[in-house]
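One file, upload-v6.cif, carrying mmCIF, C-alpha atoms:
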data_coords
#
loop_
_atom_site.label_atom_id
_atom_site.label_comp_id
_atom_site.auth_asym_id
_atom_site.auth_seq_id
_atom_site.Cartn_x
_atom_site.Cartn_y
_atom_site.Cartn_z
CA MET Y 1 0.00 0.00 0.00
CA LEU Y 2 1.19 3.28 -0.81
CA ILE Y 3 0.94 5.92 1.79
CA LYS Y 4 1.05 9.27 0.41
CA LYS Y 5 3.45 11.23 2.43
CA ARG Y 6 2.07 14.63 2.88
CA LYS Y 7 4.30 17.32 3.96
CA ARG Y 8 2.93 18.70 7.18
CA GLU Y 9 2.99 22.29 8.06
CA ASP Y 10 5.17 23.05 11.01
CA ALA Y 11 3.03 23.64 14.09
CA ASP Y 12 5.03 26.51 15.45
CA ILE Y 13 3.78 28.83 18.10
CA ASN Y 14 4.94 32.28 17.49
CA GLY Y 15 7.20 32.95 20.42
CA SER Y 16 8.15 36.49 19.68
CA SER Y 17 5.58 37.96 22.05
CA MET Y 18 6.61 35.79 24.95
CA ALA Y 19 9.13 38.35 26.10
CA ASP Y 20 6.40 41.00 26.08
CA ILE Y 21 4.10 38.85 28.19
CA ALA Y 22 6.88 38.11 30.60
CA PHE Y 23 7.74 41.79 30.80
CA LEU Y 24 4.15 42.66 31.58
CA LEU Y 25 4.01 40.16 34.41
CA LEU Y 26 7.41 41.27 35.62
CA ILE Y 27 6.30 44.87 35.84
CA PHE Y 28 3.14 43.85 37.68
CA PHE Y 29 5.09 41.98 40.32
CA LEU Y 30 7.71 44.71 40.51
CA VAL Y 31 5.04 47.22 41.35
CA THR Y 32 3.20 45.05 43.87
CA THR Y 33 6.30 43.83 45.70
CA THR Y 34 7.25 45.48 48.93
CA ILE Y 35 10.67 44.40 50.10
CA ASN Y 36 10.53 45.85 53.56
CA VAL Y 37 12.15 43.93 56.32
CA ASP Y 38 10.32 44.03 59.58
CA THR Y 39 12.35 45.58 62.32
CA GLY Y 40 11.56 45.86 65.97
CA ILE Y 41 12.50 45.18 69.55
CA GLY Y 42 12.26 41.51 70.35
CA LEU Y 43 11.14 40.30 73.76
CA VAL Y 44 10.17 37.01 75.30
CA LEU Y 45 7.26 37.25 77.70
CA PRO Y 46 7.37 35.25 80.92
CA PRO Y 47 4.80 32.52 81.47
CA PRO Y 48 1.82 33.64 83.54
CA LEU Y 49 2.01 33.09 87.28
CA GLU Y 50 -0.20 30.43 88.72
CA GLU Y 51 -2.79 31.59 91.22
CA ASP Y 52 -1.12 30.15 94.32
CA GLN Y 53 2.42 30.58 93.08
CA GLU Y 54 4.63 33.08 94.81
CA PRO Y 55 6.98 35.11 92.65
CA PRO Y 56 10.53 33.85 93.02
CA PRO Y 57 12.56 35.72 95.64
CA ILE Y 58 14.92 38.35 94.28
CA LYS Y 59 17.50 40.25 96.24
CA GLU Y 60 16.78 43.93 96.29
CA ARG Y 61 20.25 44.87 95.11
CA ASN Y 62 19.92 42.80 91.95
CA LEU Y 63 16.78 44.55 90.87
CA MET Y 64 16.71 47.88 89.09
CA ASN Y 65 13.27 49.37 89.28
CA ILE Y 66 12.52 51.82 86.51
CA LEU Y 67 9.31 53.74 86.80
CA VAL Y 68 8.06 55.83 83.91
CA ASN Y 69 4.98 57.95 84.26
CA ALA Y 70 2.65 59.21 81.57
CA GLN Y 71 4.63 62.43 81.19
CA GLY Y 72 7.85 60.52 80.51
CA ARG Y 73 9.49 61.27 83.87
CA ILE Y 74 11.82 58.52 84.97
CA LEU Y 75 12.60 57.15 88.40
CA MET Y 76 15.36 54.59 88.75
CA ASP Y 77 15.44 53.06 92.23
CA GLU Y 78 13.58 56.09 93.58
CA GLU Y 79 15.89 58.69 92.03
CA PRO Y 80 14.90 60.89 89.09
CA TYR Y 81 16.88 60.51 85.87
CA GLN Y 82 16.80 61.98 82.39
CA LEU Y 83 16.31 59.61 79.47
CA ASP Y 84 19.88 60.00 78.22
CA GLU Y 85 21.28 59.25 81.68
CA VAL Y 86 19.49 55.92 81.84
CA LYS Y 87 21.91 53.93 79.71
CA PRO Y 88 25.16 54.79 81.56
CA ARG Y 89 23.41 54.22 84.87
CA LEU Y 90 22.14 50.81 83.74
CA ILE Y 91 25.58 49.77 82.52
CA GLU Y 92 27.02 50.78 85.87
CA PHE Y 93 24.29 48.83 87.66
CA ILE Y 94 24.73 45.66 85.62
CA LYS Y 95 28.53 45.58 85.58
CA ASN Y 96 29.08 47.03 89.04
CA PRO Y 97 32.79 47.67 88.43
CA ASN Y 98 33.53 48.89 91.96
CA ASN Y 99 31.53 46.15 93.68
CA GLU Y 100 29.21 48.53 95.41
CA ALA Y 101 26.77 47.00 97.85
CA ASP Y 102 23.59 48.42 96.32
CA LEU Y 103 24.30 47.43 92.70
CA ALA Y 104 23.96 44.02 91.08
CA GLU Y 105 26.07 41.18 92.49
CA ASN Y 106 27.02 40.08 89.01
CA PRO Y 107 25.62 40.67 85.51
CA GLU Y 108 23.92 37.28 85.41
CA LEU Y 109 21.74 38.11 88.39
CA ALA Y 110 20.84 41.65 87.38
CA ILE Y 111 17.19 42.21 86.56
CA VAL Y 112 15.80 45.36 85.03
CA SER Y 113 12.16 45.99 85.75
CA ILE Y 114 10.21 48.55 83.78
CA LYS Y 115 6.97 49.77 85.23
CA THR Y 116 4.73 52.33 83.63
CA GLN Y 117 1.26 53.67 84.06
CA ARG Y 118 -1.71 52.60 82.02
CA ALA Y 119 -1.91 56.06 80.51
CA THR Y 120 1.74 56.13 79.40
CA PRO Y 121 1.95 56.62 75.64
CA TYR Y 122 3.49 53.74 73.75
CA ARG Y 123 6.25 56.00 72.40
CA ILE Y 124 7.58 56.76 75.86
CA TYR Y 125 7.51 53.08 76.79
CA VAL Y 126 9.42 52.08 73.66
CA ASP Y 127 11.99 54.85 74.20
CA MET Y 128 12.58 53.45 77.67
CA LEU Y 129 12.83 49.87 76.46
CA ASP Y 130 15.16 51.05 73.71
CA GLU Y 131 17.55 52.49 76.29
CA VAL Y 132 17.57 49.23 78.24
CA MET Y 133 18.21 47.26 75.05
CA GLY Y 134 20.96 49.73 74.18
CA ALA Y 135 22.66 49.19 77.53
CA TYR Y 136 22.68 45.43 77.00
CA LYS Y 137 23.87 45.84 73.43
CA ASP Y 138 26.81 47.99 74.58
CA LEU Y 139 27.72 45.48 77.29
CA ARG Y 140 27.56 42.53 74.92
CA ASP Y 141 29.56 44.42 72.31
CA GLU Y 142 32.23 45.18 74.85
CA ALA Y 143 32.39 41.57 76.07
CA SER Y 144 32.55 40.30 72.53
CA ARG Y 145 35.31 42.74 71.59
CA THR Y 146 37.53 41.85 74.53
CA ASN Y 147 37.04 38.11 74.08
CA TYR Y 148 36.89 37.69 70.33
CA GLY Y 149 37.92 41.04 68.88
CA VAL Y 150 34.70 41.53 66.93
CA PRO Y 151 31.45 43.28 67.82
CA TYR Y 152 28.58 41.16 69.04
CA GLY Y 153 26.69 41.53 65.79
CA ALA Y 154 29.57 39.94 63.87
CA LEU Y 155 29.38 36.69 65.84
CA ARG Y 156 27.67 33.90 64.00
CA GLU Y 157 24.08 33.14 64.99
CA GLU Y 158 23.85 30.33 67.55
CA SER Y 159 27.61 29.88 67.67
CA PRO Y 160 29.17 28.93 71.03
CA GLN Y 161 30.87 32.34 71.15
CA GLN Y 162 27.57 34.15 70.81
CA GLN Y 163 26.02 31.92 73.43
CA GLN Y 164 28.87 32.65 75.82
CA VAL Y 165 28.45 36.41 75.46
CA LYS Y 166 24.70 35.95 75.90
CA ASP Y 167 25.28 33.99 79.09
CA MET Y 168 27.60 36.69 80.42
CA TYR Y 169 24.93 39.35 80.02
CA PRO Y 170 21.54 37.68 79.91
CA LYS Y 171 18.75 40.10 79.15
CA LYS Y 172 16.52 39.88 82.16
CA ILE Y 173 13.90 42.50 81.58
CA SER Y 174 10.65 42.43 83.43
CA ILE Y 175 7.64 44.37 82.29
CA ALA Y 176 5.63 45.01 85.41
CA GLU Y 177 1.88 45.36 85.59
CA PRO Y 178 1.12 49.06 85.26
CA ASP Y 179 -0.53 51.18 87.89
CA GLU Y 180 -4.10 52.24 87.42
CA SER Y 181 -3.54 55.93 88.05
CA MET V 182 44.99 65.19 0.71
CA ALA V 183 44.73 61.62 1.59
CA HIS V 184 41.24 60.57 2.44
CA PHE V 185 40.98 58.18 5.26
CA LYS V 186 38.14 55.82 5.20
CA LYS V 187 36.97 54.79 8.58
CA LYS V 188 37.60 51.18 9.15
CA GLN V 189 34.50 49.24 9.91
CA ALA V 190 34.63 46.49 12.44
CA GLY V 191 34.40 43.12 10.86
CA SER V 192 31.67 41.75 13.09
CA LYS V 193 28.16 43.01 13.30
CA GLN V 194 27.41 45.10 16.35
CA GLU V 195 24.28 43.47 17.58
CA ILE V 196 23.43 42.28 21.02
CA PRO V 197 21.95 38.83 20.86
CA THR V 198 18.46 39.09 22.30
CA SER V 199 17.55 35.44 22.18
CA ALA V 200 18.30 35.02 25.89
CA MET V 201 16.21 38.01 26.91
CA PRO V 202 13.01 36.04 27.63
CA ASP V 203 15.01 33.77 29.92
CA VAL V 204 16.42 36.72 31.80
CA VAL V 205 13.04 38.32 32.11
CA PHE V 206 11.48 35.08 33.28
CA MET V 207 14.14 34.71 35.90
CA LEU V 208 13.41 38.15 37.26
CA LEU V 209 9.72 37.41 37.05
CA PHE V 210 10.03 34.29 39.16
CA PHE V 211 12.11 36.17 41.70
CA PHE V 212 9.49 38.82 42.17
CA MET V 213 6.66 36.30 42.13
CA VAL V 214 8.27 34.41 44.96
CA THR V 215 9.07 37.47 47.06
CA THR V 216 5.72 39.17 46.62
CA VAL V 217 3.29 39.05 49.49
CA LEU V 218 -0.04 39.71 47.91
CA ARG V 219 -2.33 39.55 50.88
CA GLU V 220 -2.13 42.85 52.62
CA VAL V 221 -4.33 43.56 55.56
CA THR V 222 -6.62 46.53 55.33
CA LEU V 223 -5.94 48.47 58.45
CA LYS V 224 -8.94 49.53 60.44
CA VAL V 225 -6.82 51.27 63.03
CA ARG V 226 -4.21 53.95 62.55
CA VAL V 227 -0.71 52.69 63.17
CA ASN V 228 2.08 55.24 63.16
CA LEU V 229 5.10 53.26 64.24
CA THR V 230 7.57 54.81 66.59
CA ASP V 231 11.36 54.87 66.20
CA ALA V 232 14.01 52.97 68.13
CA GLU V 233 17.73 52.50 67.79
CA ASN V 234 18.46 49.05 69.13
CA ILE V 235 16.33 46.95 66.90
CA GLU V 236 16.67 43.63 65.21
CA LYS V 237 15.57 42.41 61.83
CA ILE V 238 13.14 39.56 61.47
CA GLU V 239 14.20 37.51 58.52
CA GLN V 240 11.60 34.77 58.75
CA LYS V 241 8.43 36.55 57.83
CA ARG V 242 6.52 33.28 57.79
CA LEU V 243 6.71 33.05 61.55
CA LEU V 244 5.11 36.44 62.04
CA SER V 245 1.61 37.14 63.09
CA TYR V 246 0.55 40.74 63.43
CA VAL V 247 -1.48 42.43 66.11
CA TYR V 248 -2.39 46.04 65.41
CA ILE V 249 -3.24 48.46 68.16
CA GLY V 250 -4.24 52.04 67.55
CA PRO V 251 -7.08 54.53 67.36
CA GLU V 252 -9.92 53.23 65.23
CA ARG V 253 -10.41 54.85 61.85
CA LEU V 254 -13.90 56.24 61.57
CA PRO V 255 -15.59 57.53 58.43
CA GLY V 256 -14.80 61.12 57.65
CA ASN V 257 -11.14 61.04 58.67
CA ARG V 258 -11.94 60.93 62.35
CA LEU V 259 -10.23 58.75 64.88
CA GLY V 260 -12.03 56.81 67.55
CA GLU V 261 -10.86 55.01 70.64
CA ASP V 262 -7.91 52.64 70.76
CA LYS V 263 -8.79 49.24 69.37
CA VAL V 264 -7.04 45.95 68.70
CA GLN V 265 -7.06 44.50 65.22
CA ILE V 266 -6.01 40.95 64.39
CA ASP V 267 -6.07 39.82 60.75
CA ASP V 268 -8.91 41.71 59.12
CA ALA V 269 -11.21 42.37 62.02
CA ILE V 270 -11.26 44.53 65.08
CA VAL V 271 -11.35 42.45 68.25
CA GLU V 272 -13.83 43.96 70.67
CA ASP V 273 -13.49 41.28 73.30
CA ILE V 274 -9.92 41.30 74.60
CA GLY V 275 -10.44 37.87 76.18
CA GLY V 276 -11.00 36.42 72.73
CA ILE V 277 -7.39 37.10 71.77
CA ARG V 278 -6.33 34.09 73.80
CA THR V 279 -8.11 31.51 71.66
CA LEU V 280 -7.23 33.35 68.45
CA MET V 281 -3.53 33.37 69.20
CA TYR V 282 -3.58 29.84 70.58
CA ASP V 283 -4.95 28.54 67.28
CA LYS V 284 -2.24 30.42 65.42
CA LEU V 285 0.41 28.96 67.70
CA ARG V 286 -0.78 25.44 66.96
CA GLU V 287 -0.41 26.10 63.25
CA GLN V 288 3.02 27.68 63.65
CA PRO V 289 4.79 26.54 66.83
CA LYS V 290 7.60 29.07 66.36
CA LEU V 291 5.18 31.96 66.13
CA ILE V 292 6.44 35.48 66.73
CA VAL V 293 3.76 38.02 67.49
CA SER V 294 4.61 41.36 65.97
CA LEU V 295 2.90 44.13 67.88
CA ARG V 296 2.35 47.10 65.64
CA VAL V 297 1.23 49.78 68.01
CA ASP V 298 0.47 53.40 67.28
CA GLU V 299 2.91 55.72 69.00
CA SER V 300 0.20 57.61 70.85
CA SER V 301 -1.67 54.55 72.12
CA GLU V 302 -1.75 54.05 75.82
CA PHE V 303 0.21 51.29 77.49
CA GLY V 304 -2.84 49.98 79.34
CA LEU V 305 -4.44 48.32 76.34
CA LEU V 306 -1.11 46.90 75.26
CA THR V 307 -0.56 45.28 78.63
CA ASP V 308 -4.02 43.70 78.49
CA VAL V 309 -3.11 42.22 75.11
CA GLN V 310 0.21 41.01 76.48
CA GLU V 311 -1.52 39.29 79.37
CA GLU V 312 -3.69 37.45 76.86
CA LEU V 313 -0.63 36.50 74.84
CA LYS V 314 0.95 35.05 77.96
CA LYS V 315 -2.14 32.96 78.59
CA ALA V 316 -2.08 31.76 74.99
CA SER V 317 1.59 30.77 75.53
CA THR V 318 2.74 32.93 72.63
CA PHE V 319 5.75 34.29 74.44
CA ARG V 320 7.88 35.54 71.59
CA ILE V 321 6.86 39.06 70.74
CA ASN V 322 8.33 41.92 68.82
CA TYR V 323 7.54 45.59 69.18
CA SER V 324 7.56 46.79 65.61
CA THR V 325 9.47 50.02 65.23
CA ARG V 326 11.26 51.88 62.50
CA ARG V 327 14.97 52.52 62.58
CA GLU V 328 15.78 55.79 64.22
CA VAL V 329 17.77 58.11 62.00
CA ASN V 330 20.06 60.43 63.87
#
Hey, can you dump this file as C-alpha cells for me?
Amino acid sequence: MLIKKRKREDADINGSSMADIAFLLLIFFLVTTTINVDTGIGLVLPPPLEEDQEPPPIKERNLMNILVNAQGRILMDEEPYQLDEVKPRLIEFIKNPNNEADLAENPELAIVSIKTQRATPYRIYVDMLDEVMGAYKDLRDEASRTNYGVPYGALREESPQQQQVKDMYPKKISIAEPDES
Amino acid sequence: MAHFKKKQAGSKQEIPTSAMPDVVFMLLFFFMVTTVLREVTLKVRVNLTDAENIEKIEQKRLLSYVYIGPERLPGNRLGEDKVQIDDAIVEDIGGIRTLMYDKLREQPKLIVSLRVDESSEFGLLTDVQEELKKASTFRINYSTRREVN
C-alpha cells in the first residue's frame, strides 16, 4: 500500500511575544512587591504566674526598678533621671565595676524591671525599652570585643561564642503590671 | 589630501536578544516568589515609633501581626484605641487568647509582631500582652522603625 506522504505544516507557536508577556508580568510583580524587612524590639514574655504561686525571691540589690509615668518622667530606684542618663546608669548597675553594695552582684543576676502607668503613651515606653536594650547591646559588644575582637553583631548566629556572650549578660527585663492611676 | 576611510569592524554590532526572555522570566520568578499579595486593610491607625536598638526579622513566615491604635472612623476621624487581628477589630480582649492559641498550633515558632500606634496608651497593650501570655505565645516583637540620627 502506498501511503502518500504529505508534507505537514510546522506547528510553530509564534514565540516572539513571549518576552512581552513576561515583561508585563514582571512589571506587575515589581510594582506590587514590597521588600521591607520588619524591624523591631524583640522580647520574650514570661509565662503567667499560677494563682497560688509566689513570685521567686529576688534580692533587692539585683533589681533595678525603673518607673516611667505618663509624662515621661523617669525614676530609677527612687531617684529621678533623664532619658539620656538611663543607659550609663544601667551599665554601671549591671557591671558594678567597683563592687558597690547596692548594685547588682554580678551581671547574670541583674534584673531590670520597667513599670509604667496605664496612661503612658506607647512612644515613651518604647523609648525606655530602647535604652535598656541599648545598655545590654553595649555590654555585649564590649564583652565580645575583649574576648573575640569583633562586635557582638559579627558573631555567628547560635555559635558557642555568641552563646557565651549571651550567658555573660543575659537580658533579664521584666515588664511590670502598670498602675491604674 | 589623503582621504581616510573609517575602518568598519568586521563583526556586526548586535546584542543577541535570544536570551532576553530567559532573563526576564528569571526576574519574574524572583518577584513572584518574594511578593506578598495579601495585605491587611488596616482599620486602626498605626504610626510606628522609632528605636535604635532593633533587630531584623528575617523569617516573615513566623510572624503574626497584632495592630493596636485609634480606630479609623468615616470622615477622617479617629475613635478610641482598638485591637485588630487579621482583618477584624477584636472587641473582646479575652477572645485574643483563643485566636492566638490557634495560630500557635499552626506555627509553633510563632512570633507576634505588635504594631502599636505611637500615641496609644500602654494599658491596652498590657491587656493584650496578658492574653498573649495565657495563649503561651511568648515571643513578641515591638515593631518600630529605625531611628535616624
Which chain Y residues have any atom within 9 Å of an atom of chain V, and for each, what is the nearest pair of atoms with distance in Å to one decimal, counting all atoms listed in the file, rows sorted by chain and number, as CSV?
residue,atom,partner,partner_atom,distance
Y:Met18,CA,V:Pro202,CA,6.9
Y:Ala19,CA,V:Pro202,CA,4.8
Y:Asp20,CA,V:Pro202,CA,8.4
Y:Ala22,CA,V:Phe206,CA,6.1
Y:Phe23,CA,V:Val205,CA,6.5
Y:Leu25,CA,V:Leu209,CA,6.9
Y:Leu26,CA,V:Leu209,CA,4.7
Y:Ile27,CA,V:Leu209,CA,8.3
Y:Phe29,CA,V:Phe212,CA,5.7
Y:Leu30,CA,V:Phe212,CA,6.4
Y:Thr32,CA,V:Thr216,CA,7.0
Y:Thr33,CA,V:Thr216,CA,4.8
Y:Thr34,CA,V:Thr216,CA,6.9
Y:Ile35,CA,V:Thr215,CA,7.7
Y:Val37,CA,V:Lys237,CA,6.7
Y:Asp38,CA,V:Ile238,CA,5.6
Y:Thr39,CA,V:Lys237,CA,4.5
Y:Gly40,CA,V:Ser324,CA,4.1
Y:Ile41,CA,V:Ile235,CA,5.0
Y:Gly42,CA,V:Asn322,CA,4.2
Y:Leu43,CA,V:Ile321,CA,5.4
Y:Val44,CA,V:Arg320,CA,4.6
Y:Leu45,CA,V:Phe319,CA,4.7
Y:Pro46,CA,V:Phe319,CA,6.7
Y:Pro47,CA,V:Lys314,CA,5.8
Y:Pro48,CA,V:Lys314,CA,5.8
Y:Ala70,CA,V:Glu302,CA,8.9
Y:Thr116,CA,V:Phe303,CA,7.7
Y:Gln117,CA,V:Phe303,CA,7.1
Y:Arg118,CA,V:Gly304,CA,3.9
Y:Ala119,CA,V:Glu302,CA,5.1
Y:Thr120,CA,V:Glu302,CA,5.4
Y:Pro121,CA,V:Glu302,CA,4.5
Y:Tyr122,CA,V:Glu299,CA,5.2
Y:Arg123,CA,V:Glu299,CA,4.8
Y:Ile124,CA,V:Glu299,CA,8.4
Y:Tyr125,CA,V:Phe303,CA,7.5
Y:Val126,CA,V:Ala232,CA,7.2
Y:Asp127,CA,V:Ala232,CA,6.7
Y:Leu129,CA,V:Ala232,CA,9.0
Y:Asp130,CA,V:Asn234,CA,6.0
Y:Glu131,CA,V:Asn234,CA,8.0
Y:Met133,CA,V:Asn234,CA,6.2
Y:Gly134,CA,V:Asn234,CA,5.7
Y:Lys137,CA,V:Asn234,CA,7.6
Y:Glu177,CA,V:Thr307,CA,7.4
Y:Pro178,CA,V:Gly304,CA,7.2
Y:Asp179,CA,V:Gly304,CA,8.9
Y:Glu180,CA,V:Gly304,CA,8.5
Kindly export the residues of the current selection with C-alpha atoms, as a PDB file, in the frame of the given file.
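The result, written out as again02.pdb:
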ATOM      1  CA  MET Y  18       6.610  35.790  24.950  1.00  0.00           C
ATOM      2  CA  ALA Y  19       9.130  38.350  26.100  1.00  0.00           C
ATOM      3  CA  ASP Y  20       6.400  41.000  26.080  1.00  0.00           C
ATOM      4  CA  ALA Y  22       6.880  38.110  30.600  1.00  0.00           C
ATOM      5  CA  PHE Y  23       7.740  41.790  30.800  1.00  0.00           C
ATOM      6  CA  LEU Y  25       4.010  40.160  34.410  1.00  0.00           C
ATOM      7  CA  LEU Y  26       7.410  41.270  35.620  1.00  0.00           C
ATOM      8  CA  ILE Y  27       6.300  44.870  35.840  1.00  0.00           C
ATOM      9  CA  PHE Y  29       5.090  41.980  40.320  1.00  0.00           C
ATOM     10  CA  LEU Y  30       7.710  44.710  40.510  1.00  0.00           C
ATOM     11  CA  THR Y  32       3.200  45.050  43.870  1.00  0.00           C
ATOM     12  CA  THR Y  33       6.300  43.830  45.700  1.00  0.00           C
ATOM     13  CA  THR Y  34       7.250  45.480  48.930  1.00  0.00           C
ATOM     14  CA  ILE Y  35      10.670  44.400  50.100  1.00  0.00           C
ATOM     15  CA  VAL Y  37      12.150  43.930  56.320  1.00  0.00           C
ATOM     16  CA  ASP Y  38      10.320  44.030  59.580  1.00  0.00           C
ATOM     17  CA  THR Y  39      12.350  45.580  62.320  1.00  0.00           C
ATOM     18  CA  GLY Y  40      11.560  45.860  65.970  1.00  0.00           C
ATOM     19  CA  ILE Y  41      12.500  45.180  69.550  1.00  0.00           C
ATOM     20  CA  GLY Y  42      12.260  41.510  70.350  1.00  0.00           C
ATOM     21  CA  LEU Y  43      11.140  40.300  73.760  1.00  0.00           C
ATOM     22  CA  VAL Y  44      10.170  37.010  75.300  1.00  0.00           C
ATOM     23  CA  LEU Y  45       7.260  37.250  77.700  1.00  0.00           C
ATOM     24  CA  PRO Y  46       7.370  35.250  80.920  1.00  0.00           C
ATOM     25  CA  PRO Y  47       4.800  32.520  81.470  1.00  0.00           C
ATOM     26  CA  PRO Y  48       1.820  33.640  83.540  1.00  0.00           C
ATOM     27  CA  ALA Y  70       2.650  59.210  81.570  1.00  0.00           C
ATOM     28  CA  THR Y 116       4.730  52.330  83.630  1.00  0.00           C
ATOM     29  CA  GLN Y 117       1.260  53.670  84.060  1.00  0.00           C
ATOM     30  CA  ARG Y 118      -1.710  52.600  82.020  1.00  0.00           C
ATOM     31  CA  ALA Y 119      -1.910  56.060  80.510  1.00  0.00           C
ATOM     32  CA  THR Y 120       1.740  56.130  79.400  1.00  0.00           C
ATOM     33  CA  PRO Y 121       1.950  56.620  75.640  1.00  0.00           C
ATOM     34  CA  TYR Y 122       3.490  53.740  73.750  1.00  0.00           C
ATOM     35  CA  ARG Y 123       6.250  56.000  72.400  1.00  0.00           C
ATOM     36  CA  ILE Y 124       7.580  56.760  75.860  1.00  0.00           C
ATOM     37  CA  TYR Y 125       7.510  53.080  76.790  1.00  0.00           C
ATOM     38  CA  VAL Y 126       9.420  52.080  73.660  1.00  0.00           C
ATOM     39  CA  ASP Y 127      11.990  54.850  74.200  1.00  0.00           C
ATOM     40  CA  LEU Y 129      12.830  49.870  76.460  1.00  0.00           C
ATOM     41  CA  ASP Y 130      15.160  51.050  73.710  1.00  0.00           C
ATOM     42  CA  GLU Y 131      17.550  52.490  76.290  1.00  0.00           C
ATOM     43  CA  MET Y 133      18.210  47.260  75.050  1.00  0.00           C
ATOM     44  CA  GLY Y 134      20.960  49.730  74.180  1.00  0.00           C
ATOM     45  CA  LYS Y 137      23.870  45.840  73.430  1.00  0.00           C
ATOM     46  CA  GLU Y 177       1.880  45.360  85.590  1.00  0.00           C
ATOM     47  CA  PRO Y 178       1.120  49.060  85.260  1.00  0.00           C
ATOM     48  CA  ASP Y 179      -0.530  51.180  87.890  1.00  0.00           C
ATOM     49  CA  GLU Y 180      -4.100  52.240  87.420  1.00  0.00           C
TER      50      GLU Y 180
END
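Relative to atom CA of Ser174 of chain Y, atom CA of Glu92 of chain Y is found at 18.5 Å.
Minimum atom-to-atom distances from Y:Val132, Y:Arg73, Y:Glu157, Y:Ser16 to Thr198 of chain V were compared using only C-alpha atoms, and the lowest value belongs to Y:Ser16.
Within the file as shown, the PyMOL selection byres ((chain Y and resi 151) around 12) identifies Lys137, Asp138, Leu139, Arg140, Asp141, Glu142, Ala143, Ser144, Arg145, Thr146, Asn147, Tyr148, Gly149, Val150, Tyr152, Gly153, Ala154, Leu155, Arg156, Gln161, Gln162 and Val165 of chain Y.
Atom pair atom CA of Pro289 of chain V / atom CA of Tyr246 of chain V has a distance of 15.2 Å (rounded to one decimal).
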Starting from 8 Å padding per side, set up an axis-aligned box that covers all listed atoms of segment 144-153 of chain Y and hand over centre and edge lengths in Å, one decimal, as JSON.
{"center_x": 32.3, "center_y": 40.5, "center_z": 70.2, "size_x": 27.2, "size_y": 21.6, "size_z": 24.7}
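For the atom pair formed by atom CA of Val264 of chain V and atom CA of Leu243 of chain V, the distance is 20.2 Å, given to one decimal.
Evaluating the PyMOL selection byres ((chain Y and resi 104) around 10) against the shown model yields Lys59, Glu60, Arg61, Asn62, Leu63, Met64, Glu92, Phe93, Ile94, Lys95, Asn96, Pro97, Asn99, Glu100, Ala101, Asp102, Leu103, Glu105, Asn106, Pro107, Glu108, Leu109, Ala110 and Ile111 of chain Y.
With only C-alpha atoms as the atoms that count, the minimum distance from Leu254 of chain V to the choices V:Ile266, V:Leu280, V:Ile274, V:Leu223 is reached by V:Leu223.
Nearest residue to Val309 of chain V, choosing from V:Asp273, V:Glu261, V:Glu252, V:Asp267 and counting only C-alpha atoms: V:Asp273.
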